[in-house]
Amino acid sequence: MSDETDTSPLLIKGTASARHRDLALRIAIPFLVIGLMILVWYAYVKLSGVPPYILPGPAAVANAFVTDWGTLAPALWVTTKITFMSLMLALVGGVGFAIFLVQSRWVELAFYPLAVILQVTPIVAISPLILIYAPSTQVALLICAFLVAFFPILSNMVQGLKSVDHNLINLFELYGASRWQTLLFLKLPAAQPYFMTGLRIGGGLALIAAVVAEFAAGSAGAGSGLAFRLLEAQYRMNIPRLFAALLMLSMLGVAIFGLTTLIAWLSLHRWHESSIKREN
């Protein structure tokens with residue numbers, strides 16, 4: 001008994017150190033790979049002698065990132081604002097429309113094809129119409145990004161609401177639960193993993209759609225986003241600024257993915273199998 005008592009703190013300490021080591025590796029390995037890629041990039045530019053207007057080196061891109069910050073930062077804010085606003089609208093619309101669809105099989109058969117049609121129609125094809133009917137370019141960009149992010153959230157939410165264990169539904173009916181009680185206390189919690197999957201997909205698609213919609217809209221001026229700055233840098237052959245804008249978009253995409261992943265982990269790590277840490 002005393003041996004077990006003496007060794008248990010050591011086991012706990014060893015488990016904690018293993019978790020810390022695993023976390024450190026998860027953080028360090030991606031940064032090491034990125035650093036190695038930057039070194040290869042730097043070496044290729046130096047050894048090949050490629051001109052900076054074809055492929056700038058890491059130092060030129062970093063310099064453009066700093067010197068052009070006053071131009072790129074407001075554009076980054078515009079793109080970020082459109083992305084998150086469209087994602088919030090897609091969350092509200094997707095969840096609400098999913099709840100509406102699962103109330104009746106006939107309702108789903110009647111209205112779900114409309115959502116599919118919006119999804120399969122290329123956003124570049126309908127963006128001219130949206131630009132004509134929208135009251136402003138910013139509203140048009142918001143609508144385009146919303147349409148792209150809407151369907152993944154809708155489809156995942158519908159699948160989650162329809163995947164509830166029928167035995168649990170029968171149990172709720174046995175105890176006299178109303179339709180709304182079943183929805184609030186059974187179906188919505190059970191659909192939460194599907195919703196989180198739709199959130200991660202929708203977050204990335206909202207950013208892509210915001211950039212593509214701005215390309216299609218051809219918006220310019222002080223209120224334009226990073227897509228216009230990319231085109232502007234291309235037309236002016238300012239390739240370091242173009243790379244800096246691409247770097248900003250990549251960082252924004254990584255931040256959105258990290259945020260949605262964190263939200264999903266906080267919501268699921270205590271009870272869902274996809275997020276529970278296994279001992280073996």
# chains A, B, ... in the order shown; residues from 1 in each chain; ligands from 1
>>> residues_around(residues="region 261-271 of chain A", least_positions_apart="4", cutoff="12 Å", atoms="only C-alpha atoms", output="NGL selection string")
:A and (189-204 or 254-257 or 275-278)
>>> atom_distance(atom1="CA of Leu25 (chain A)", atom2="CA of Gly258 (chain A)")
17.2 Å
>>> atom_distance(atom1="CA of Ala233 (chain A)", atom2="CA of Ile123 (chain A)")
24.3 Å
>>> closest_residue(among="A:Arg241, A:Phe100, A:Met157, A:Gln119", to="Gly70 (chain A)", atoms="only C-alpha atoms")
A:Arg241
>>> select_by_dssp(residues="region 143-206 of chain A", states="alpha helix (DSSP H)", output="PyMOL selection string")
chain A and resi 143-162+166-174+179-182+188-190+192-206
>>> closest_residue(among="A:Met248, A:Ile143, A:Ala75, A:Leu186", to="Gly160 (chain A)", atoms="only C-alpha atoms")
A:Leu186
>>> atom_distance(atom1="CA of Pro56 (chain A)", atom2="CA of Val212 (chain A)")
24.8 Å
>>> closest_residue(among="A:Leu207, A:Cys144, A:Leu168, A:Met85", to="Leu183 (chain A)", atoms="only C-alpha atoms")
A:Leu168
>>> closest_residue(among="A:Ala216, A:Ala206, A:Val164, A:Val45", to="Met88 (chain A)", atoms="only C-alpha atoms")
A:Ala206
